[in-house]
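As provided, input.cif (mmCIF, C-alpha atoms) reads as follows.
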```cif
data_work
loop_
_atom_site.label_atom_id
_atom_site.label_comp_id
_atom_site.auth_asym_id
_atom_site.auth_seq_id
_atom_site.Cartn_x
_atom_site.Cartn_y
_atom_site.Cartn_z
CA MET A 296 -23.24 43.47 8.60
CA SER A 297 -23.19 40.00 7.12
CA HIS A 298 -24.96 37.47 9.30
CA LYS A 299 -27.51 34.68 9.07
CA VAL A 300 -31.20 34.99 9.94
CA LEU A 301 -33.97 32.64 11.04
CA LEU A 302 -37.53 33.96 10.63
CA ILE A 303 -40.29 32.10 12.48
CA LEU A 304 -43.92 32.99 11.82
CA CYS A 305 -46.83 31.66 13.91
CA ASP A 306 -49.97 32.06 11.83
CA GLY A 307 -52.68 33.99 13.66
CA LEU A 308 -50.65 34.62 16.82
CA ARG A 309 -52.08 37.53 18.78
CA PRO A 310 -49.69 39.66 20.86
CA ASP A 311 -51.79 39.32 24.01
CA ALA A 312 -51.65 35.54 23.65
CA ALA A 313 -47.86 35.65 23.27
CA GLU A 314 -47.50 37.97 26.25
CA SER A 315 -49.75 35.93 28.55
CA CYS A 316 -48.51 32.53 27.40
CA LYS A 317 -47.47 30.46 30.40
CA HIS A 318 -44.86 28.50 28.47
CA PRO A 319 -41.58 29.49 30.16
CA PHE A 320 -39.81 30.03 26.85
CA ALA A 321 -42.36 32.65 25.83
CA GLN A 322 -41.54 34.55 29.00
CA LYS A 323 -37.82 34.15 28.30
CA LEU A 324 -38.25 35.66 24.85
CA LEU A 325 -40.16 38.61 26.29
CA SER A 326 -37.30 39.16 28.71
CA ASP A 327 -34.29 38.52 26.45
CA TYR A 328 -35.41 39.73 23.00
CA HIS A 329 -36.44 43.10 21.65
CA TYR A 330 -40.24 42.98 21.54
CA THR A 331 -42.98 45.19 20.16
CA ARG A 332 -46.59 45.06 19.03
CA ALA A 333 -46.29 45.64 15.29
CA ARG A 334 -48.96 46.28 12.67
CA THR A 335 -49.89 44.06 9.74
CA VAL A 336 -51.68 44.98 6.49
CA PHE A 337 -55.32 45.05 5.44
CA PRO A 338 -56.97 42.80 4.48
CA SER A 339 -55.50 40.76 7.31
CA TYR A 340 -55.60 37.36 5.61
CA THR A 341 -52.75 34.87 5.49
CA LEU A 342 -51.58 35.11 1.87
CA PRO A 343 -51.81 38.92 1.52
CA CYS A 344 -49.94 39.32 4.81
CA HIS A 345 -47.19 36.91 3.76
CA MET A 346 -46.88 38.61 0.40
CA SER A 347 -46.56 41.94 2.20
CA LEU A 348 -43.95 40.55 4.57
CA MET A 349 -41.80 39.04 1.82
CA HIS A 350 -42.28 41.78 -0.77
CA SER A 351 -42.35 44.76 1.61
CA GLN A 352 -45.45 46.16 -0.05
CA THR A 353 -49.11 46.66 0.83
CA PRO A 354 -51.74 44.41 -0.79
CA PHE A 355 -52.76 47.40 -2.91
CA GLU A 356 -49.22 47.46 -4.33
CA HIS A 357 -48.55 43.72 -4.76
CA GLY A 358 -52.11 42.94 -5.86
CA VAL A 359 -52.86 39.93 -3.62
CA SER A 360 -55.89 40.75 -1.46
CA GLY A 361 -57.19 37.26 -0.67
CA ASN A 362 -55.97 33.73 -0.14
CA ILE A 363 -55.95 33.08 -3.89
CA PHE A 364 -52.77 34.18 -5.66
CA VAL A 365 -53.04 36.79 -8.42
CA PRO A 366 -49.97 36.84 -10.73
CA ALA A 367 -48.47 40.22 -11.54
CA GLN A 368 -47.93 40.89 -15.24
CA ASP A 369 -44.49 42.37 -14.66
CA GLY A 370 -43.52 39.89 -11.95
CA ARG A 371 -42.62 40.57 -8.36
CA ARG A 372 -39.39 40.85 -6.43
CA GLY A 373 -39.37 39.64 -2.85
CA LEU A 374 -36.85 38.74 -0.19
CA PHE A 375 -36.10 35.27 -1.59
CA GLU A 376 -35.38 36.68 -5.06
CA GLN A 377 -33.13 39.35 -3.58
CA LEU A 378 -31.20 36.72 -1.62
CA ARG A 379 -30.73 34.60 -4.73
CA ASP A 380 -29.41 37.50 -6.78
CA PHE A 381 -26.88 38.35 -4.05
CA LYS A 382 -25.71 34.70 -4.04
CA LYS A 383 -27.17 34.01 -0.60
CA THR A 384 -28.71 30.67 0.33
CA SER A 385 -32.25 30.27 1.67
CA ALA A 386 -34.62 27.63 3.00
CA PHE A 387 -38.40 27.60 3.48
CA PHE A 388 -40.36 25.17 5.72
CA TYR A 389 -44.15 25.38 5.45
CA SER A 390 -47.42 23.45 5.76
CA TRP A 391 -50.00 25.56 3.91
CA GLY A 392 -49.74 25.00 0.17
CA GLU A 393 -50.77 28.49 -0.92
CA LEU A 394 -47.55 29.87 0.56
CA ARG A 395 -45.68 28.45 -2.43
CA ASP A 396 -46.74 31.68 -4.14
CA ILE A 397 -44.67 34.00 -1.95
CA CYS A 398 -41.56 33.42 -4.05
CA GLU A 399 -40.32 32.09 -7.36
CA PRO A 400 -39.43 28.39 -6.87
CA SER A 401 -36.06 29.03 -8.50
CA SER A 402 -35.21 31.60 -5.84
CA LEU A 403 -35.13 28.96 -3.08
CA SER A 404 -32.03 26.97 -2.22
CA TYR A 405 -34.22 24.46 -0.37
CA GLY A 406 -37.93 24.04 0.30
CA LYS A 407 -39.79 21.59 2.52
CA PHE A 408 -43.58 21.20 2.50
CA ILE A 409 -45.49 19.02 4.98
CA SER A 410 -49.26 19.21 4.57
CA SER A 411 -51.26 20.26 7.62
CA VAL A 412 -54.32 18.83 5.87
CA VAL A 413 -52.74 15.37 5.97
CA PHE A 414 -50.77 15.49 9.22
CA GLY A 415 -52.67 18.16 11.19
CA GLY A 416 -51.27 21.54 12.16
CA GLU A 417 -49.54 20.48 15.35
CA LYS A 418 -47.79 17.44 13.86
CA ALA A 419 -46.79 19.35 10.74
CA GLY A 420 -45.26 22.05 12.96
CA GLU A 421 -43.36 19.45 14.97
CA LEU A 422 -41.96 17.77 11.84
CA LEU A 423 -41.07 21.05 10.14
CA THR A 424 -39.31 22.33 13.26
CA LYS A 425 -37.19 19.18 13.40
CA ASP A 426 -36.38 19.34 9.68
CA ALA A 427 -35.52 23.04 9.83
CA ALA A 428 -33.14 22.56 12.77
CA GLU A 429 -31.41 19.65 11.06
CA PHE A 430 -31.06 21.56 7.78
CA ILE A 431 -29.71 24.69 9.46
CA ASN A 432 -27.15 22.68 11.42
CA GLU A 433 -25.95 20.80 8.35
CA TYR A 434 -26.05 23.50 5.66
CA SER A 435 -26.07 26.88 7.48
CA PRO A 436 -28.31 28.79 5.05
CA ASP A 437 -28.04 32.56 5.09
CA PHE A 438 -31.80 32.77 5.60
CA ALA A 439 -34.35 30.24 6.83
CA PHE A 440 -38.10 30.72 7.19
CA LEU A 441 -40.10 28.39 9.45
CA TYR A 442 -43.90 28.69 9.21
CA LEU A 443 -45.99 27.33 12.10
CA GLU A 444 -49.66 27.09 11.16
CA ASN A 445 -51.47 25.43 14.04
CA THR A 446 -52.39 28.58 15.99
CA ASP A 447 -54.48 29.76 13.03
CA ILE A 448 -56.07 26.35 12.50
CA VAL A 449 -57.12 26.16 16.15
CA GLY A 450 -58.30 29.78 16.16
CA HIS A 451 -60.66 29.07 13.26
CA MET A 452 -61.84 25.83 14.81
CA TYR A 453 -62.29 26.81 18.47
CA GLY A 454 -61.99 30.60 18.56
CA TRP A 455 -59.17 33.05 19.29
CA GLU A 456 -60.28 33.40 22.92
CA SER A 457 -60.58 29.65 23.57
CA GLU A 458 -58.57 27.41 25.88
CA GLU A 459 -57.63 25.34 22.84
CA TYR A 460 -56.06 28.40 21.19
CA THR A 461 -54.12 29.20 24.35
CA GLU A 462 -52.85 25.63 24.43
CA ALA A 463 -51.83 25.81 20.74
CA VAL A 464 -49.88 29.02 21.43
CA GLY A 465 -47.97 27.27 24.21
CA LYS A 466 -47.11 24.34 21.95
CA SER A 467 -45.88 26.72 19.27
CA PHE A 468 -43.51 28.32 21.76
CA GLY A 469 -42.37 24.81 22.57
CA PHE A 470 -41.44 24.33 18.91
CA ILE A 471 -39.69 27.70 18.92
CA GLU A 472 -37.70 26.70 22.00
CA LYS A 473 -36.73 23.44 20.30
CA ILE A 474 -35.27 25.04 17.19
CA LEU A 475 -33.58 27.94 18.98
CA THR A 476 -31.96 25.50 21.40
CA ASP A 477 -30.75 23.28 18.58
CA ILE A 478 -29.29 25.76 16.07
CA PRO A 479 -26.10 27.84 16.33
CA GLU A 480 -26.36 30.91 18.54
CA ASP A 481 -24.91 33.18 15.87
CA TYR A 482 -28.21 33.25 13.97
CA SER A 483 -30.22 36.42 14.33
CA VAL A 484 -33.87 35.56 15.00
CA PHE A 485 -37.17 37.20 14.06
CA ILE A 486 -40.42 35.77 15.50
CA THR A 487 -43.72 37.22 14.37
CA ALA A 488 -47.21 36.54 13.00
CA ASP A 489 -49.07 37.40 9.81
CA HIS A 490 -52.28 38.60 11.53
CA GLY A 491 -54.26 38.19 14.73
CA GLY A 492 -57.86 37.08 15.03
CA HIS A 493 -61.19 37.45 16.80
CA GLY A 494 -64.05 35.05 17.35
CA PHE A 495 -63.50 32.37 14.74
CA ASP A 496 -62.03 34.55 11.99
CA HIS A 497 -59.79 37.46 10.93
CA GLY A 498 -59.36 39.74 7.93
CA THR A 499 -60.87 42.96 9.29
CA GLU A 500 -59.29 46.24 10.39
CA MET A 501 -60.08 45.49 14.04
CA PRO A 502 -57.00 45.97 16.25
CA VAL A 503 -57.05 42.32 17.32
CA ASP A 504 -56.75 41.32 13.63
CA MET A 505 -54.23 44.00 12.66
CA THR A 506 -51.77 43.78 15.56
CA ILE A 507 -48.97 41.20 15.57
CA PRO A 508 -46.13 40.34 17.96
CA LEU A 509 -42.56 40.93 16.83
CA PHE A 510 -39.57 39.49 18.69
CA VAL A 511 -36.04 40.21 17.44
CA LYS A 512 -32.62 39.03 18.51
CA ALA A 513 -29.85 40.61 16.46
CA PRO A 514 -26.59 40.82 18.42
CA SER A 515 -24.72 42.35 15.49
CA ALA A 516 -27.13 45.24 14.94
CA GLU A 517 -28.49 48.14 16.94
CA ILE A 518 -32.26 48.57 17.05
CA ASP A 519 -33.67 51.99 16.27
CA LYS A 520 -36.10 52.02 19.19
CA GLU A 521 -38.47 54.57 17.68
CA ALA A 522 -38.66 52.75 14.32
CA PHE A 523 -39.05 49.38 16.04
CA ALA A 524 -41.85 50.64 18.29
CA SER A 525 -43.90 51.57 15.21
CA ALA A 526 -42.84 48.59 13.06
CA ASN A 527 -45.06 47.27 10.30
CA ILE A 528 -44.93 43.82 8.72
CA ILE A 529 -43.53 45.43 5.54
CA ASP A 530 -40.46 46.55 7.53
CA ILE A 531 -39.32 42.98 8.24
CA ALA A 532 -37.82 42.14 4.82
CA PRO A 533 -35.61 45.27 4.59
CA SER A 534 -34.52 44.70 8.20
CA ILE A 535 -33.51 41.12 7.34
CA CYS A 536 -31.59 42.43 4.33
CA ASP A 537 -29.71 44.73 6.71
CA ILE A 538 -28.67 41.85 8.95
CA ILE A 539 -27.62 39.58 6.07
CA GLY A 540 -25.70 42.42 4.44
CA ILE A 541 -27.51 42.85 1.13
CA ALA A 542 -29.36 45.80 -0.38
CA PRO A 543 -33.15 45.78 -0.16
CA ALA A 544 -35.01 45.54 -3.46
CA LYS A 545 -35.85 48.90 -5.02
CA SER A 546 -39.52 47.90 -4.92
CA PHE A 547 -39.52 47.49 -1.12
CA ARG A 548 -41.69 50.10 0.59
CA GLY A 549 -40.83 49.31 4.20
CA LYS A 550 -37.79 50.61 6.11
CA SER A 551 -35.27 48.75 8.24
CA PHE A 552 -35.69 49.24 11.97
CA PHE A 553 -31.96 48.91 12.57
CA SER A 554 -29.82 51.96 13.15
CA LYS A 555 -27.47 52.90 10.34
#
```
Rewrite the coordinates I just gave you, this time as structure tokens.
Amino acid sequence: MSHKVLLILCDGLRPDAAESCKHPFAQKLLSDYHYTRARTVFPSYTLPCHMSLMHSQTPFEHGVSGNIFVPAQDGRRGLFEQLRDFKKTSAFFYSWGELRDICEPSSLSYGKFISSVVFGGEKAGELLTKDAAEFINEYSPDFAFLYLENTDIVGHMYGWESEEYTEAVGKSFGFIEKILTDIPEDYSVFITADHGGHGFDHGTEMPVDMTIPLFVKAPSAEIDKEAFASANIIDIAPSICDIIGIAPAKSFRGKSFFSK
């Protein structure tokens, strides 16, 4: 396989919120894409979960257990570094500054940061979605990562069971519809979350914190249904490597959920 991938992550998106979302595009994804309730890592905070996603390791292995980055003495190898070394192009669109730590800056072909602190989560998501679609259409990167933060911001502010959170989930699916309508259909697509949430917080081993939605469209690859049904966030990077047609890093602990 040698294809392009778009990864979209909605921070703090619970599976039950995705499944019950009344936005018609959410229902279309549930119908048209492979979908499962996957598991994230503990502690279920944003930076450790992103590090685990991109480096295919648990927090115990990569050493980041909170939302403050801890450098590794011997360095780290994640998905972006692997793409760079295989001469593949990548792009990263994000609104939470701490996410700059998930890769070496030199591993990116292109990065775009729009601060949610300045613009607000919803507006930052809107602007990043537009920029990501325009960049993909003009430059066709092998891998693009779009981070949508507002669901987490609203969850912390109003609660994960609030009407405001439900509304934010719907708007996020609106952004997802926008970019997937605008970009070429030959991109494989992964849509997921870093963690869930309860009350006004997350980070525990409660199922609502540790369970994440995972949507996949990969026309060129066959899903291993058993592996996909038990997918973990650390399985996403090696699965993306499979689609793009590069070897996973030797340090990756997760396994691809595509059939060989």
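Each of A:Glu500, A:Asp489, A:Glu429, A:Asp519 was compared to Lys473 (chain A) using all atoms listed in the file, and A:Glu429 turns out to be the nearest.
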Just want the 8 Å neighbourhood of region 440-454 of chain A, counted on only C-alpha atoms, with same-chain residues fewer than 3 positions away dropped. Output as a ChimeraX atom specification. /A:301-308,386-391,411,415-417,420,423-424,427,457,459-460,463-464,467,492-496
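Applied to the shown file, the PyMOL selection byres ((chain A and resi 482) around 9) selects the residues His298, Lys299, Val300, Leu301, Asp437, Ile478, Pro479, Glu480, Asp481, Ser483, Val484, Lys512, Ala513 and Pro514 of chain A.
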Would you pick out the contacts of region 398-405 of chain A at 7 Å or less, using all atoms listed in the file, so that residues sharing its chain but fewer than 6 positions from it are not included, and give the list as an mmCIF file with C-alpha atoms, keeping the file's coordinate frame?
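around32.cif was written with the following content:
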```cif
data_model
loop_
_atom_site.group_PDB
_atom_site.id
_atom_site.type_symbol
_atom_site.label_atom_id
_atom_site.label_comp_id
_atom_site.auth_asym_id
_atom_site.auth_seq_id
_atom_site.Cartn_x
_atom_site.Cartn_y
_atom_site.Cartn_z
ATOM 1 C CA GLY A 373 -39.370 39.640 -2.850
ATOM 2 C CA PHE A 375 -36.100 35.270 -1.590
ATOM 3 C CA GLU A 376 -35.380 36.680 -5.060
ATOM 4 C CA ARG A 379 -30.730 34.600 -4.730
ATOM 5 C CA THR A 384 -28.710 30.670 0.330
ATOM 6 C CA SER A 385 -32.250 30.270 1.670
ATOM 7 C CA ALA A 386 -34.620 27.630 3.000
ATOM 8 C CA PHE A 387 -38.400 27.600 3.480
#
```
With the file shown as input, list the residues that the PyMOL selection byres ((chain A and resi 346) around 9) selects, as a VMD selection string. chain A and resid 341 to 345 347 to 354 357 359 373 394 396 to 398
Could you expand the PyMOL selection byres ((chain A and resi 516) around 8) into the explicit residues it covers here, written as JSON, numbers by chain? {"A": [296, 513, 514, 515, 517, 518, 538, 553, 554]}
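Closest to Cys316 (chain A) among A:Arg395, A:Lys382, A:Lys520, A:Lys466 is A:Lys466, based on all atoms listed in the file.
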When distances are computed from all atoms listed in the file, which of A:Ile486, A:Leu422, A:Ala312, A:Met505 shows the smallest separation from Val336 (chain A)? A:Met505
List the spatial neighbours of Pro533 (chain A) as a tab-separated table (two decimals) with C-alpha atoms, in the frame of the given file - criterion: any atom at most 6 Å away, all atoms listed in the file, same-chain residues fewer than 6 positions off excluded.
```
chain	number	residue	atom	x	y	z
A	543	PRO	CA	-33.15	45.78	-0.16
A	550	LYS	CA	-37.79	50.61	6.11
A	551	SER	CA	-35.27	48.75	8.24
```
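For the atom pair formed by CA of Gly469 (chain A) and CA of Ala321 (chain A), the distance is 8.5 Å, given to one decimal.
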Name the residues, using the chain letters and numbers of the file, that sit within 7 Å of (-42.8, 47.6, 4.7) when counting all atoms listed in the file, and give them as a PyMOL selection string. chain A and resi 351-352+527-531+547-550
Gap from CA of Thr331 (chain A) to CA of Val511 (chain A) - Å, one decimal: 9.0 Å
For CA of Asp380 (chain A) and CA of Pro366 (chain A), quote the distance in Å rounded to one decimal. 20.9 Å
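For Ala526 (chain A), the set of protein, DNA and RNA residues having any atom at most 7 Å away, when counting all atoms listed in the file and skipping those fewer than 3 positions along the same chain, is A:Ala333, A:Arg334, A:Ala522, A:Phe523, A:Asp530.
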With distances taken over all atoms listed in the file, which residue among A:Ser326, A:Glu314, A:Arg332, A:Gln377 lies nearest His490 (chain A)? A:Arg332
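Using all atoms listed in the file for every distance, the candidate list A:Glu433, A:Lys418, A:Phe438, A:Phe408 yields A:Phe438 as the residue closest to Gly540 (chain A).
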Mind working out the centre and edge lengths of an axis-aligned box for region 483-487 of chain A, all listed atoms inside, 8 Å added to each side, rounded to one decimal in Å and written as lines of an AutoDock Vina configuration file?
```
center_x = -37.0
center_y = 36.4
center_z = 14.8
size_x = 29.5
size_y = 17.7
size_z = 17.4
```
Could you write region 317-343 of chain A as a compact mmCIF listing (two decimals), in the coordinates of the input, with N, CA and C atoms rebuilt where they are missing?
```txt
# COMPACT_ATOMS: atom_id res chain seq x y z
N LYS A 317 -48.14 30.95 29.20
CA LYS A 317 -47.47 30.46 30.40
C LYS A 317 -46.29 29.55 30.09
N HIS A 318 -46.05 29.29 28.80
CA HIS A 318 -44.86 28.50 28.47
C HIS A 318 -43.63 29.30 28.89
N PRO A 319 -42.72 28.72 29.65
CA PRO A 319 -41.58 29.49 30.16
C PRO A 319 -40.71 30.09 29.08
N PHE A 320 -40.66 29.47 27.89
CA PHE A 320 -39.81 30.03 26.85
C PHE A 320 -40.41 31.30 26.27
N ALA A 321 -41.73 31.41 26.27
CA ALA A 321 -42.36 32.65 25.83
C ALA A 321 -41.96 33.79 26.75
N GLN A 322 -41.95 33.53 28.04
CA GLN A 322 -41.54 34.55 29.00
C GLN A 322 -40.06 34.89 28.85
N LYS A 323 -39.25 33.91 28.52
CA LYS A 323 -37.82 34.15 28.30
C LYS A 323 -37.61 35.07 27.09
N LEU A 324 -38.36 34.82 26.04
CA LEU A 324 -38.25 35.66 24.85
C LEU A 324 -38.65 37.10 25.16
N LEU A 325 -39.72 37.27 25.93
CA LEU A 325 -40.16 38.61 26.29
C LEU A 325 -39.10 39.35 27.11
N SER A 326 -38.34 38.58 27.86
CA SER A 326 -37.30 39.16 28.71
C SER A 326 -36.00 39.43 27.94
N ASP A 327 -35.62 38.49 27.06
CA ASP A 327 -34.29 38.52 26.45
C ASP A 327 -34.25 39.16 25.06
N TYR A 328 -35.37 39.21 24.36
CA TYR A 328 -35.41 39.73 23.00
C TYR A 328 -35.98 41.14 22.98
N HIS A 329 -35.69 41.87 21.91
CA HIS A 329 -36.44 43.10 21.65
C HIS A 329 -37.86 42.67 21.28
N TYR A 330 -38.85 43.37 21.80
CA TYR A 330 -40.24 42.98 21.54
C TYR A 330 -41.10 44.23 21.33
N THR A 331 -42.01 44.13 20.37
CA THR A 331 -42.98 45.19 20.16
C THR A 331 -44.27 44.60 19.60
N ARG A 332 -45.34 45.38 19.73
CA ARG A 332 -46.59 45.06 19.03
C ARG A 332 -46.55 45.81 17.70
N ALA A 333 -46.39 45.06 16.62
CA ALA A 333 -46.29 45.64 15.29
C ALA A 333 -47.66 45.63 14.61
N ARG A 334 -47.70 46.20 13.43
CA ARG A 334 -48.96 46.28 12.67
C ARG A 334 -48.82 45.49 11.37
N THR A 335 -49.87 44.77 11.01
CA THR A 335 -49.89 44.06 9.74
C THR A 335 -50.65 44.88 8.70
N VAL A 336 -51.01 44.27 7.58
CA VAL A 336 -51.68 44.98 6.49
C VAL A 336 -53.13 44.53 6.37
N PHE A 337 -53.92 45.37 5.71
CA PHE A 337 -55.32 45.05 5.44
C PHE A 337 -55.48 44.76 3.96
N PRO A 338 -56.24 43.72 3.61
CA PRO A 338 -56.97 42.80 4.48
C PRO A 338 -56.05 41.80 5.19
N SER A 339 -56.37 41.56 6.44
CA SER A 339 -55.50 40.76 7.31
C SER A 339 -55.78 39.26 7.14
N TYR A 340 -55.51 38.78 5.92
CA TYR A 340 -55.60 37.36 5.61
C TYR A 340 -54.19 36.81 5.40
N THR A 341 -54.07 35.50 5.46
CA THR A 341 -52.75 34.87 5.49
C THR A 341 -51.91 35.16 4.26
N LEU A 342 -52.41 34.92 3.06
CA LEU A 342 -51.58 35.11 1.87
C LEU A 342 -51.24 36.57 1.62
N PRO A 343 -52.20 37.51 1.69
CA PRO A 343 -51.81 38.92 1.52
C PRO A 343 -50.76 39.37 2.53
```
